[in-house]
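Quick look at query-v5.cif (mmCIF, C-alpha atoms and all ligand atoms; chains and numbers go by the auth columns):
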data_target
#
loop_
_atom_site.group_PDB
_atom_site.id
_atom_site.type_symbol
_atom_site.label_atom_id
_atom_site.label_comp_id
_atom_site.label_asym_id
_atom_site.label_seq_id
_atom_site.Cartn_x
_atom_site.Cartn_y
_atom_site.Cartn_z
_atom_site.B_iso_or_equiv
_atom_site.auth_seq_id
_atom_site.auth_asym_id
ATOM 1 C CA MET A 1 -45.024 53.004 -65.740 0.00 11 A
ATOM 2 C CA ILE A 2 -48.602 52.447 -64.628 0.00 12 A
ATOM 3 C CA GLY A 3 -49.831 51.839 -68.155 0.00 13 A
ATOM 4 C CA SER A 4 -52.960 53.932 -67.810 0.00 14 A
ATOM 5 C CA VAL A 5 -54.198 57.496 -67.434 0.00 15 A
ATOM 6 C CA ASN A 6 -57.186 58.635 -65.397 0.00 16 A
ATOM 7 C CA THR A 7 -57.181 62.315 -66.379 0.00 17 A
ATOM 8 C CA VAL A 8 -56.983 63.771 -69.870 0.00 18 A
ATOM 9 C CA ALA A 9 -56.594 67.487 -70.488 0.00 19 A
ATOM 10 C CA ARG A 10 -56.944 69.309 -73.775 0.00 20 A
ATOM 11 C CA ARG A 11 -54.194 71.809 -74.398 0.00 21 A
ATOM 12 C CA PRO A 12 -54.842 75.140 -76.145 0.00 22 A
ATOM 13 C CA ASP A 13 -53.401 73.687 -79.378 0.00 23 A
ATOM 14 C CA GLY A 14 -55.986 70.909 -79.263 0.00 24 A
ATOM 15 C CA SER A 15 -53.567 68.152 -78.300 0.00 25 A
ATOM 16 C CA LEU A 16 -54.401 65.880 -75.408 0.00 26 A
ATOM 17 C CA VAL A 17 -52.205 65.149 -72.404 0.00 27 A
ATOM 18 C CA GLY A 18 -52.940 62.314 -70.021 0.00 28 A
ATOM 19 C CA ASP A 19 -51.710 61.558 -66.540 0.00 29 A
ATOM 20 C CA ASN A 20 -52.615 59.221 -63.735 0.00 30 A
ATOM 21 C CA VAL A 21 -53.111 60.816 -60.329 0.00 31 A
ATOM 22 C CA ASP A 22 -54.362 57.689 -58.555 0.00 32 A
ATOM 23 C CA GLY A 23 -50.988 56.953 -56.974 0.00 33 A
ATOM 24 C CA GLN A 24 -50.207 60.492 -55.841 0.00 34 A
ATOM 25 C CA GLY A 25 -53.787 60.814 -54.609 0.00 35 A
ATOM 26 C CA TYR A 26 -53.341 57.651 -52.604 0.00 36 A
ATOM 27 C CA LEU A 27 -50.174 58.925 -50.919 0.00 37 A
ATOM 28 C CA ASP A 28 -51.649 62.387 -50.321 0.00 38 A
ATOM 29 C CA GLY A 29 -54.761 60.830 -48.785 0.00 39 A
ATOM 30 C CA LEU A 30 -52.644 58.778 -46.391 0.00 40 A
ATOM 31 C CA ALA A 31 -50.563 61.839 -45.506 0.00 41 A
ATOM 32 C CA LYS A 32 -53.759 63.761 -44.696 0.00 42 A
ATOM 33 C CA ASP A 33 -54.575 61.020 -42.195 0.00 43 A
ATOM 34 C CA GLY A 34 -51.058 61.321 -40.740 0.00 44 A
ATOM 35 C CA ILE A 35 -50.032 57.899 -42.043 0.00 45 A
ATOM 36 C CA ASP A 36 -46.389 57.430 -42.988 0.00 46 A
ATOM 37 C CA VAL A 37 -45.691 54.388 -45.161 0.00 47 A
ATOM 38 C CA ARG A 38 -41.918 54.634 -45.025 0.00 48 A
ATOM 39 C CA SER A 39 -40.249 51.373 -43.979 0.00 49 A
ATOM 40 C CA ARG A 40 -43.614 49.640 -43.676 0.00 50 A
ATOM 41 C CA ARG A 41 -44.007 45.999 -44.566 0.00 51 A
ATOM 42 C CA VAL A 42 -46.896 46.262 -47.003 0.00 52 A
ATOM 43 C CA LEU A 43 -49.267 43.555 -48.142 0.00 53 A
ATOM 44 C CA GLN A 44 -51.205 44.702 -51.198 0.00 54 A
ATOM 45 C CA PHE A 45 -54.236 42.862 -52.529 0.00 55 A
ATOM 46 C CA GLY A 46 -54.833 43.488 -56.220 0.00 56 A
ATOM 47 C CA ALA A 47 -52.841 44.262 -59.336 0.00 57 A
ATOM 48 C CA GLY A 48 -55.482 45.918 -61.513 0.00 58 A
ATOM 49 C CA GLY A 49 -55.412 49.471 -62.819 0.00 59 A
ATOM 50 C CA ALA A 50 -55.615 51.179 -59.437 0.00 60 A
ATOM 51 C CA GLY A 51 -53.440 48.510 -57.836 0.00 61 A
ATOM 52 C CA ARG A 52 -50.669 49.275 -60.285 0.00 62 A
ATOM 53 C CA ALA A 53 -50.810 52.968 -59.397 0.00 63 A
ATOM 54 C CA VAL A 54 -50.796 52.211 -55.677 0.00 64 A
ATOM 55 C CA ALA A 55 -47.858 49.782 -55.941 0.00 65 A
ATOM 56 C CA PHE A 56 -45.635 52.260 -57.793 0.00 66 A
ATOM 57 C CA SER A 57 -46.575 55.054 -55.408 0.00 67 A
ATOM 58 C CA LEU A 58 -45.857 52.965 -52.321 0.00 68 A
ATOM 59 C CA ALA A 59 -42.448 52.009 -53.715 0.00 69 A
ATOM 60 C CA SER A 60 -41.716 55.652 -54.535 0.00 70 A
ATOM 61 C CA ALA A 61 -42.643 56.617 -50.971 0.00 71 A
ATOM 62 C CA GLY A 62 -40.015 54.286 -49.518 0.00 72 A
ATOM 63 C CA VAL A 63 -41.906 51.319 -48.111 0.00 73 A
ATOM 64 C CA GLY A 64 -39.584 48.693 -46.678 0.00 74 A
ATOM 65 C CA GLU A 65 -41.210 45.777 -48.430 0.00 75 A
ATOM 66 C CA LEU A 66 -44.112 45.297 -50.799 0.00 76 A
ATOM 67 C CA VAL A 67 -45.838 41.940 -51.179 0.00 77 A
ATOM 68 C CA ILE A 68 -48.477 41.763 -53.922 0.00 78 A
ATOM 69 C CA ARG A 69 -51.236 39.185 -54.028 0.00 79 A
ATOM 70 C CA ASN A 70 -53.745 38.921 -56.855 0.00 80 A
ATOM 71 C CA ARG A 71 -56.314 36.418 -58.060 0.00 81 A
ATOM 72 C CA ASN A 72 -54.542 36.409 -61.424 0.00 82 A
ATOM 73 C CA MET A 73 -51.027 35.602 -60.248 0.00 83 A
ATOM 74 C CA GLY A 74 -49.457 36.527 -63.601 0.00 84 A
ATOM 75 C CA ARG A 75 -50.550 40.129 -63.169 0.00 85 A
ATOM 76 C CA ALA A 76 -49.058 40.235 -59.664 0.00 86 A
ATOM 77 C CA VAL A 77 -45.756 38.820 -60.906 0.00 87 A
ATOM 78 C CA ALA A 78 -45.595 41.266 -63.814 0.00 88 A
ATOM 79 C CA LEU A 79 -46.368 44.218 -61.541 0.00 89 A
ATOM 80 C CA ALA A 80 -43.779 43.146 -58.969 0.00 90 A
ATOM 81 C CA GLN A 81 -41.131 42.886 -61.698 0.00 91 A
ATOM 82 C CA GLU A 82 -41.983 46.295 -63.097 0.00 92 A
ATOM 83 C CA VAL A 83 -41.894 47.948 -59.672 0.00 93 A
ATOM 84 C CA ILE A 84 -38.494 46.361 -58.937 0.00 94 A
ATOM 85 C CA ARG A 85 -37.166 47.693 -62.235 0.00 95 A
ATOM 86 C CA ALA A 86 -38.351 51.206 -61.378 0.00 96 A
ATOM 87 C CA TYR A 87 -37.409 51.111 -57.675 0.00 97 A
ATOM 88 C CA PRO A 88 -34.549 48.590 -57.271 0.00 98 A
ATOM 89 C CA GLU A 89 -34.035 49.601 -53.630 0.00 99 A
ATOM 90 C CA CYS A 90 -37.532 48.413 -52.725 0.00 100 A
ATOM 91 C CA VAL A 91 -38.022 44.745 -51.812 0.00 101 A
ATOM 92 C CA VAL A 92 -40.988 43.650 -53.928 0.00 102 A
ATOM 93 C CA SER A 93 -42.506 40.235 -54.502 0.00 103 A
ATOM 94 C CA ALA A 94 -45.649 38.547 -55.752 0.00 104 A
ATOM 95 C CA SER A 95 -47.002 35.993 -53.343 0.00 105 A
ATOM 96 C CA ASP A 96 -49.199 32.932 -53.691 0.00 106 A
ATOM 97 C CA ARG A 97 -48.291 31.280 -50.419 0.00 107 A
ATOM 98 C CA GLY A 98 -50.852 30.977 -47.621 0.00 108 A
ATOM 99 C CA VAL A 99 -52.508 34.344 -47.184 0.00 109 A
ATOM 100 C CA GLU A 100 -52.357 33.991 -43.390 0.00 110 A
ATOM 101 C CA GLU A 101 -48.557 34.140 -43.440 0.00 111 A
ATOM 102 C CA ASP A 102 -48.579 37.284 -45.553 0.00 112 A
ATOM 103 C CA VAL A 103 -51.151 38.938 -43.289 0.00 113 A
ATOM 104 C CA ARG A 104 -49.257 38.024 -40.119 0.00 114 A
ATOM 105 C CA GLU A 105 -45.995 39.490 -41.447 0.00 115 A
ATOM 106 C CA ALA A 106 -47.483 42.758 -42.707 0.00 116 A
ATOM 107 C CA ASN A 107 -47.848 45.938 -40.705 0.00 117 A
ATOM 108 C CA PHE A 108 -49.670 47.752 -43.524 0.00 118 A
ATOM 109 C CA ILE A 109 -52.412 46.107 -45.555 0.00 119 A
ATOM 110 C CA VAL A 110 -54.069 47.682 -48.571 0.00 120 A
ATOM 111 C CA ASN A 111 -56.945 46.371 -50.633 0.00 121 A
ATOM 112 C CA THR A 112 -56.866 47.606 -54.225 0.00 122 A
ATOM 113 C CA THR A 113 -59.244 44.936 -55.551 0.00 123 A
ATOM 114 C CA SER A 114 -62.929 45.538 -56.024 0.00 124 A
ATOM 115 C CA GLN A 115 -63.655 42.779 -53.479 0.00 125 A
ATOM 116 C CA GLY A 116 -65.715 44.447 -50.766 0.00 126 A
ATOM 117 C CA MET A 117 -67.924 46.576 -53.001 0.00 127 A
ATOM 118 C CA GLY A 118 -70.634 43.923 -53.199 0.00 128 A
ATOM 119 C CA VAL A 119 -72.498 42.643 -50.157 0.00 129 A
ATOM 120 C CA GLU A 120 -71.926 39.048 -51.224 0.00 130 A
ATOM 121 C CA ASP A 121 -68.216 39.429 -51.962 0.00 131 A
ATOM 122 C CA LYS A 122 -65.854 36.904 -50.418 0.00 132 A
ATOM 123 C CA LEU A 123 -63.474 38.160 -47.748 0.00 133 A
ATOM 124 C CA LEU A 124 -59.835 38.545 -48.770 0.00 134 A
ATOM 125 C CA PHE A 125 -58.729 36.580 -45.691 0.00 135 A
ATOM 126 C CA ASP A 126 -59.967 35.808 -42.191 0.00 136 A
ATOM 127 C CA TYR A 127 -60.318 39.331 -40.801 0.00 137 A
ATOM 128 C CA SER A 128 -60.244 38.078 -37.214 0.00 138 A
ATOM 129 C CA MET A 129 -56.456 37.838 -37.769 0.00 139 A
ATOM 130 C CA LEU A 130 -56.078 41.616 -37.834 0.00 140 A
ATOM 131 C CA ALA A 131 -54.070 43.090 -34.975 0.00 141 A
ATOM 132 C CA PRO A 132 -53.929 46.646 -33.580 0.00 142 A
ATOM 133 C CA HIS A 133 -50.371 47.322 -34.795 0.00 143 A
ATOM 134 C CA GLN A 134 -51.502 47.000 -38.433 0.00 144 A
ATOM 135 C CA ILE A 135 -52.623 49.915 -40.585 0.00 145 A
ATOM 136 C CA VAL A 136 -55.414 48.883 -42.923 0.00 146 A
ATOM 137 C CA SER A 137 -56.336 50.778 -46.060 0.00 147 A
ATOM 138 C CA ASP A 138 -59.054 50.108 -48.613 0.00 148 A
ATOM 139 C CA ILE A 139 -59.289 52.143 -51.799 0.00 149 A
ATOM 140 C CA ILE A 140 -62.938 51.206 -52.428 0.00 150 A
ATOM 141 C CA MET A 141 -65.028 54.371 -52.321 0.00 151 A
ATOM 142 C CA VAL A 142 -68.489 52.864 -51.897 0.00 152 A
ATOM 143 C CA PRO A 143 -69.235 51.525 -49.375 0.00 153 A
ATOM 144 C CA GLU A 144 -67.066 53.860 -47.344 0.00 154 A
ATOM 145 C CA MET A 145 -66.648 51.296 -44.578 0.00 155 A
ATOM 146 C CA THR A 146 -65.937 48.022 -46.362 0.00 156 A
ATOM 147 C CA PRO A 147 -66.060 44.735 -44.434 0.00 157 A
ATOM 148 C CA LEU A 148 -62.245 44.888 -44.279 0.00 158 A
ATOM 149 C CA LEU A 149 -62.238 48.388 -42.768 0.00 159 A
ATOM 150 C CA LYS A 150 -65.027 47.561 -40.326 0.00 160 A
ATOM 151 C CA ALA A 151 -63.129 44.529 -39.079 0.00 161 A
ATOM 152 C CA ALA A 152 -59.890 46.504 -38.889 0.00 162 A
ATOM 153 C CA LYS A 153 -61.547 49.256 -36.863 0.00 163 A
ATOM 154 C CA ASP A 154 -63.036 46.683 -34.502 0.00 164 A
ATOM 155 C CA ALA A 155 -59.575 45.146 -34.118 0.00 165 A
ATOM 156 C CA GLY A 156 -58.127 48.518 -33.088 0.00 166 A
ATOM 157 C CA CYS A 157 -56.163 49.128 -36.298 0.00 167 A
ATOM 158 C CA VAL A 158 -55.598 52.559 -37.800 0.00 168 A
ATOM 159 C CA ILE A 159 -57.707 52.640 -40.961 0.00 169 A
ATOM 160 C CA ALA A 160 -57.541 54.667 -44.171 0.00 170 A
ATOM 161 C CA LEU A 161 -60.705 55.195 -46.239 0.00 171 A
ATOM 162 C CA GLY A 162 -60.862 55.023 -50.035 0.00 172 A
ATOM 163 C CA LYS A 163 -62.590 58.378 -50.203 0.00 173 A
ATOM 164 C CA ARG A 164 -59.437 60.092 -48.916 0.00 174 A
ATOM 165 C CA MET A 165 -57.616 58.900 -52.045 0.00 175 A
ATOM 166 C CA THR A 166 -60.409 60.263 -54.223 0.00 176 A
ATOM 167 C CA GLU A 167 -60.590 63.611 -52.452 0.00 177 A
ATOM 168 C CA ALA A 168 -56.823 64.031 -52.633 0.00 178 A
ATOM 169 C CA GLN A 169 -57.007 63.691 -56.414 0.00 179 A
ATOM 170 C CA TYR A 170 -59.274 66.730 -56.874 0.00 180 A
ATOM 171 C CA PRO A 171 -56.510 69.338 -56.570 0.00 181 A
ATOM 172 C CA LEU A 172 -54.185 67.223 -58.723 0.00 182 A
ATOM 173 C CA VAL A 173 -56.816 66.964 -61.447 0.00 183 A
ATOM 174 C CA SER A 174 -57.587 70.689 -61.175 0.00 184 A
ATOM 175 C CA THR A 175 -53.935 71.504 -61.727 0.00 185 A
ATOM 176 C CA LEU A 176 -53.731 69.188 -64.713 0.00 186 A
ATOM 177 C CA LEU A 177 -56.859 70.686 -66.242 0.00 187 A
ATOM 178 C CA GLY A 178 -55.693 74.217 -65.462 0.00 188 A
ATOM 179 C CA ILE A 179 -58.829 75.130 -63.525 0.00 189 A
ATOM 180 C CA ASP A 180 -59.140 76.597 -60.042 0.00 190 A
ATOM 181 C CA ALA A 181 -61.054 73.817 -58.347 0.00 191 A
ATOM 182 C CA LEU A 182 -63.201 70.838 -59.167 0.00 192 A
ATOM 183 C CA PRO A 183 -66.739 70.965 -57.856 0.00 193 A
ATOM 184 C CA PRO A 184 -67.214 68.390 -55.108 0.00 194 A
ATOM 185 C CA ALA A 185 -68.699 65.336 -56.772 0.00 195 A
ATOM 186 C CA PRO A 186 -70.139 62.191 -55.256 0.00 196 A
ATOM 187 C CA CYS A 187 -68.187 59.078 -56.213 0.00 197 A
ATOM 188 C CA HIS A 188 -70.498 56.391 -57.551 0.00 198 A
HETATM 189 N N1 LIG B . -60.399 55.656 -54.101 0.00 201 B
HETATM 190 C C1 LIG B . -60.076 55.947 -55.357 0.00 201 B
HETATM 191 O O1 LIG B . -59.770 57.083 -55.704 0.00 201 B
HETATM 192 C C2 LIG B . -60.049 54.842 -56.370 0.00 201 B
HETATM 193 C C3 LIG B . -59.406 55.027 -57.609 0.00 201 B
HETATM 194 C C4 LIG B . -59.420 53.979 -58.533 0.00 201 B
HETATM 195 C C5 LIG B . -60.061 52.780 -58.235 0.00 201 B
HETATM 196 N N2 LIG B . -60.668 52.643 -57.025 0.00 201 B
HETATM 197 C C6 LIG B . -61.341 51.376 -56.670 0.00 201 B
HETATM 198 O O2 LIG B . -60.383 50.340 -56.745 0.00 201 B
HETATM 199 C C7 LIG B . -61.026 49.107 -57.089 0.00 201 B
HETATM 200 C C8 LIG B . -60.289 48.459 -58.274 0.00 201 B
HETATM 201 O O3 LIG B . -60.401 49.310 -59.398 0.00 201 B
HETATM 202 P P1 LIG B . -59.495 49.080 -60.703 0.00 201 B
HETATM 203 O O4 LIG B . -59.728 50.214 -61.582 0.00 201 B
HETATM 204 O O5 LIG B . -58.080 48.739 -60.314 0.00 201 B
HETATM 205 O O6 LIG B . -60.193 47.765 -61.321 0.00 201 B
HETATM 206 P P2 LIG B . -59.505 46.658 -62.235 0.00 201 B
HETATM 207 O O7 LIG B . -58.408 47.215 -63.050 0.00 201 B
HETATM 208 O O8 LIG B . -60.646 45.973 -62.905 0.00 201 B
HETATM 209 O O9 LIG B . -58.842 45.641 -61.179 0.00 201 B
HETATM 210 C C9 LIG B . -59.675 44.892 -60.329 0.00 201 B
HETATM 211 C C10 LIG B . -58.819 44.182 -59.302 0.00 201 B
HETATM 212 O O10 LIG B . -59.695 43.461 -58.412 0.00 201 B
HETATM 213 C C11 LIG B . -59.435 42.057 -58.525 0.00 201 B
HETATM 214 N N3 LIG B . -60.693 41.327 -58.449 0.00 201 B
HETATM 215 C C12 LIG B . -61.848 41.645 -59.084 0.00 201 B
HETATM 216 N N4 LIG B . -62.801 40.720 -58.782 0.00 201 B
HETATM 217 C C13 LIG B . -62.221 39.835 -57.933 0.00 201 B
HETATM 218 C C14 LIG B . -62.679 38.664 -57.282 0.00 201 B
HETATM 219 N N5 LIG B . -63.944 38.206 -57.437 0.00 201 B
HETATM 220 N N6 LIG B . -61.821 37.984 -56.472 0.00 201 B
HETATM 221 C C15 LIG B . -60.550 38.451 -56.307 0.00 201 B
HETATM 222 N N7 LIG B . -60.045 39.538 -56.921 0.00 201 B
HETATM 223 C C16 LIG B . -60.886 40.217 -57.725 0.00 201 B
HETATM 224 C C17 LIG B . -58.755 41.884 -59.872 0.00 201 B
HETATM 225 O O11 LIG B . -58.027 40.697 -59.886 0.00 201 B
HETATM 226 P P3 LIG B . -57.666 39.968 -61.283 0.00 201 B
HETATM 227 O O12 LIG B . -56.463 40.681 -61.818 0.00 201 B
HETATM 228 O O13 LIG B . -57.387 38.569 -60.872 0.00 201 B
HETATM 229 O O14 LIG B . -58.867 40.104 -62.183 0.00 201 B
HETATM 230 C C18 LIG B . -57.878 43.149 -59.898 0.00 201 B
HETATM 231 O O15 LIG B . -56.762 43.004 -59.057 0.00 201 B
HETATM 232 C C19 LIG B . -62.482 49.464 -57.379 0.00 201 B
HETATM 233 O O16 LIG B . -63.247 49.202 -56.228 0.00 201 B
HETATM 234 C C20 LIG B . -62.437 50.960 -57.643 0.00 201 B
HETATM 235 O O17 LIG B . -63.643 51.616 -57.340 0.00 201 B
HETATM 236 C C21 LIG B . -60.670 53.633 -56.091 0.00 201 B
#
Starting from the coordinates I provided, produce the structure as structure tokens.
Amino acid sequence: MIGSVNTVARRPDGSLVGDNVDGQGYLDGLAKDGIDVRSRRVLQFGAGGAGRAVAFSLASAGVGELVIRNRNMGRAVALAQEVIRAYPECVVSASDRGVEEDVREANFIVNTTSQGMGVEDKLLFDYSMLAPHQIVSDIIMVPEMTPLLKAAKDAGCVIALGKRMTEAQYPLVSTLLGIDALPPAPCH
């Protein structure tokens, strides 16, 4: 469904098997932080490789609604349609209306774009809009505290760091590779 793999294991017969543990890692990372996404009204920024994994995983976890925004609107529309096909009970849409409306209506916001990695990157929206009832998640690993997460913390929101998603993938990758544990590795 995601259209990509992020782990490839070689079987004893030499064949290769690929899987994508981004989505499960994302959910496991949130669970480790005690965050339950069920029934949440989610606003997701991004529809790239990782964004696709996150969208399918959020739908599988039973979010109430998923609104996807992306610079390339066609990718957001395609992803929304694919998620609806896989999870018809989930209300999913791609949005290009004013971002303020989407932010105001969401109680869970996730950034899956790479916006926020660079010091000069534009903000996704006016972060002064964030309110304490919103959970804010960013899957960027470096910097750990992106401008979005810093603003969300200052606003009193519960935040979820990108590194949790990465860390939660280690055991999943170990299982796929059939090894006991992955050595801790810095994510750069
Ligand atoms: N924590 C983890 O375990 C984990 C795992 C995977 C990825 N990530 C992180 O997730 C981020 C995205 O990775 P990816 O693999 O999904 O990359 P990708 O497939 O290249 O997708 C990039 C996404 O960012 C958007 N984007 C890029 N530049 C933008 C800009 N200037 N303005 C607005 N939107 C922009 C793209 O929009 P368009 O479609 O319009 O180009 C797309 O939605 C990266 O920061 C990566 O490090 C974290």
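Here the question is which of A:Ala104, A:Ile119, A:Leu76, A:Ala63 gets nearest to ligand LIG 201 (chain B) using only C-alpha atoms and all ligand atoms, and that residue is A:Ala63.
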Environment of ligand LIG 201 (chain B) within 9 Å, counting all atoms listed in the file, reported as a PDB file with C-alpha atoms, in the coordinates of the input:
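And here's result19.pdb as it stands now:
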ATOM      1  CA  ASN A  16     -57.186  58.635 -65.397  1.00  0.00           C
ATOM      2  CA  VAL A  31     -53.111  60.816 -60.329  1.00  0.00           C
ATOM      3  CA  ASP A  32     -54.362  57.689 -58.555  1.00  0.00           C
ATOM      4  CA  GLY A  33     -50.988  56.953 -56.974  1.00  0.00           C
ATOM      5  CA  GLY A  35     -53.787  60.814 -54.609  1.00  0.00           C
ATOM      6  CA  TYR A  36     -53.341  57.651 -52.604  1.00  0.00           C
ATOM      7  CA  PHE A  55     -54.236  42.862 -52.529  1.00  0.00           C
ATOM      8  CA  GLY A  56     -54.833  43.488 -56.220  1.00  0.00           C
ATOM      9  CA  ALA A  57     -52.841  44.262 -59.336  1.00  0.00           C
ATOM     10  CA  GLY A  58     -55.482  45.918 -61.513  1.00  0.00           C
ATOM     11  CA  GLY A  59     -55.412  49.471 -62.819  1.00  0.00           C
ATOM     12  CA  ALA A  60     -55.615  51.179 -59.437  1.00  0.00           C
ATOM     13  CA  GLY A  61     -53.440  48.510 -57.836  1.00  0.00           C
ATOM     14  CA  ARG A  62     -50.669  49.275 -60.285  1.00  0.00           C
ATOM     15  CA  ALA A  63     -50.810  52.968 -59.397  1.00  0.00           C
ATOM     16  CA  ARG A  79     -51.236  39.185 -54.028  1.00  0.00           C
ATOM     17  CA  ASN A  80     -53.745  38.921 -56.855  1.00  0.00           C
ATOM     18  CA  ARG A  81     -56.314  36.418 -58.060  1.00  0.00           C
ATOM     19  CA  ASN A  82     -54.542  36.409 -61.424  1.00  0.00           C
ATOM     20  CA  MET A  83     -51.027  35.602 -60.248  1.00  0.00           C
ATOM     21  CA  GLY A  84     -49.457  36.527 -63.601  1.00  0.00           C
ATOM     22  CA  ARG A  85     -50.550  40.129 -63.169  1.00  0.00           C
ATOM     23  CA  ALA A  86     -49.058  40.235 -59.664  1.00  0.00           C
ATOM     24  CA  ASN A 121     -56.945  46.371 -50.633  1.00  0.00           C
ATOM     25  CA  THR A 122     -56.866  47.606 -54.225  1.00  0.00           C
ATOM     26  CA  THR A 123     -59.244  44.936 -55.551  1.00  0.00           C
ATOM     27  CA  SER A 124     -62.929  45.538 -56.024  1.00  0.00           C
ATOM     28  CA  GLN A 125     -63.655  42.779 -53.479  1.00  0.00           C
ATOM     29  CA  GLY A 126     -65.715  44.447 -50.766  1.00  0.00           C
ATOM     30  CA  MET A 127     -67.924  46.576 -53.001  1.00  0.00           C
ATOM     31  CA  ASP A 131     -68.216  39.429 -51.962  1.00  0.00           C
ATOM     32  CA  LYS A 132     -65.854  36.904 -50.418  1.00  0.00           C
ATOM     33  CA  LEU A 133     -63.474  38.160 -47.748  1.00  0.00           C
ATOM     34  CA  LEU A 134     -59.835  38.545 -48.770  1.00  0.00           C
ATOM     35  CA  ASP A 148     -59.054  50.108 -48.613  1.00  0.00           C
ATOM     36  CA  ILE A 149     -59.289  52.143 -51.799  1.00  0.00           C
ATOM     37  CA  ILE A 150     -62.938  51.206 -52.428  1.00  0.00           C
ATOM     38  CA  MET A 151     -65.028  54.371 -52.321  1.00  0.00           C
ATOM     39  CA  VAL A 152     -68.489  52.864 -51.897  1.00  0.00           C
ATOM     40  CA  LEU A 171     -60.705  55.195 -46.239  1.00  0.00           C
ATOM     41  CA  GLY A 172     -60.862  55.023 -50.035  1.00  0.00           C
ATOM     42  CA  LYS A 173     -62.590  58.378 -50.203  1.00  0.00           C
ATOM     43  CA  ARG A 174     -59.437  60.092 -48.916  1.00  0.00           C
ATOM     44  CA  MET A 175     -57.616  58.900 -52.045  1.00  0.00           C
ATOM     45  CA  THR A 176     -60.409  60.263 -54.223  1.00  0.00           C
ATOM     46  CA  GLU A 177     -60.590  63.611 -52.452  1.00  0.00           C
ATOM     47  CA  ALA A 178     -56.823  64.031 -52.633  1.00  0.00           C
ATOM     48  CA  GLN A 179     -57.007  63.691 -56.414  1.00  0.00           C
ATOM     49  CA  CYS A 197     -68.187  59.078 -56.213  1.00  0.00           C
ATOM     50  CA  HIS A 198     -70.498  56.391 -57.551  1.00  0.00           C
TER      51      HIS A 198
END
### Message
Please list as a PyMOL selection string every residue within 12 Å of A:Ile94, counting only C-alpha atoms and excluding residues in the same chain fewer than 3 positions away.
### Response
chain A and resi 11+65-66+68-70+75-77+87-91+97-104
### Task
Show which residues sit within 9 Å of stretch 159-164 of chain A, as an MDAnalysis selection string. Count only C-alpha atoms, and ignore same-chain residues fewer than 2 positions away.
chainID A and resid 137:138 140:142 144:148 154:157 166:171
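Reported to one decimal place, the separation of atom CA of A:Gly188 from atom CA of A:Arg20 is 9.7 Å.
Between A:Arg50 and the candidates A:Asp38, A:Glu111, A:Ala116, A:Pro153, the tightest atom-to-atom separation, counting all atoms listed in the file, involves A:Ala116.
Nearest-residue note for A:Leu40: choosing from A:Ser14, A:Thr185, A:Ser105, A:Ser67, the minimum distance belongs to A:Ser67, counting all atoms listed in the file.
Taking atom CA of A:Gly108 and atom CA of A:Ala165 as endpoints, the distance between them is 21.4 Å.
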### Query
From the set A:Val183, A:Ile189, A:Asp46, A:Asp136, which residue has the shortest atom-to-atom contact distance to A:Val15, counting all atoms listed in the file?
A:Val183
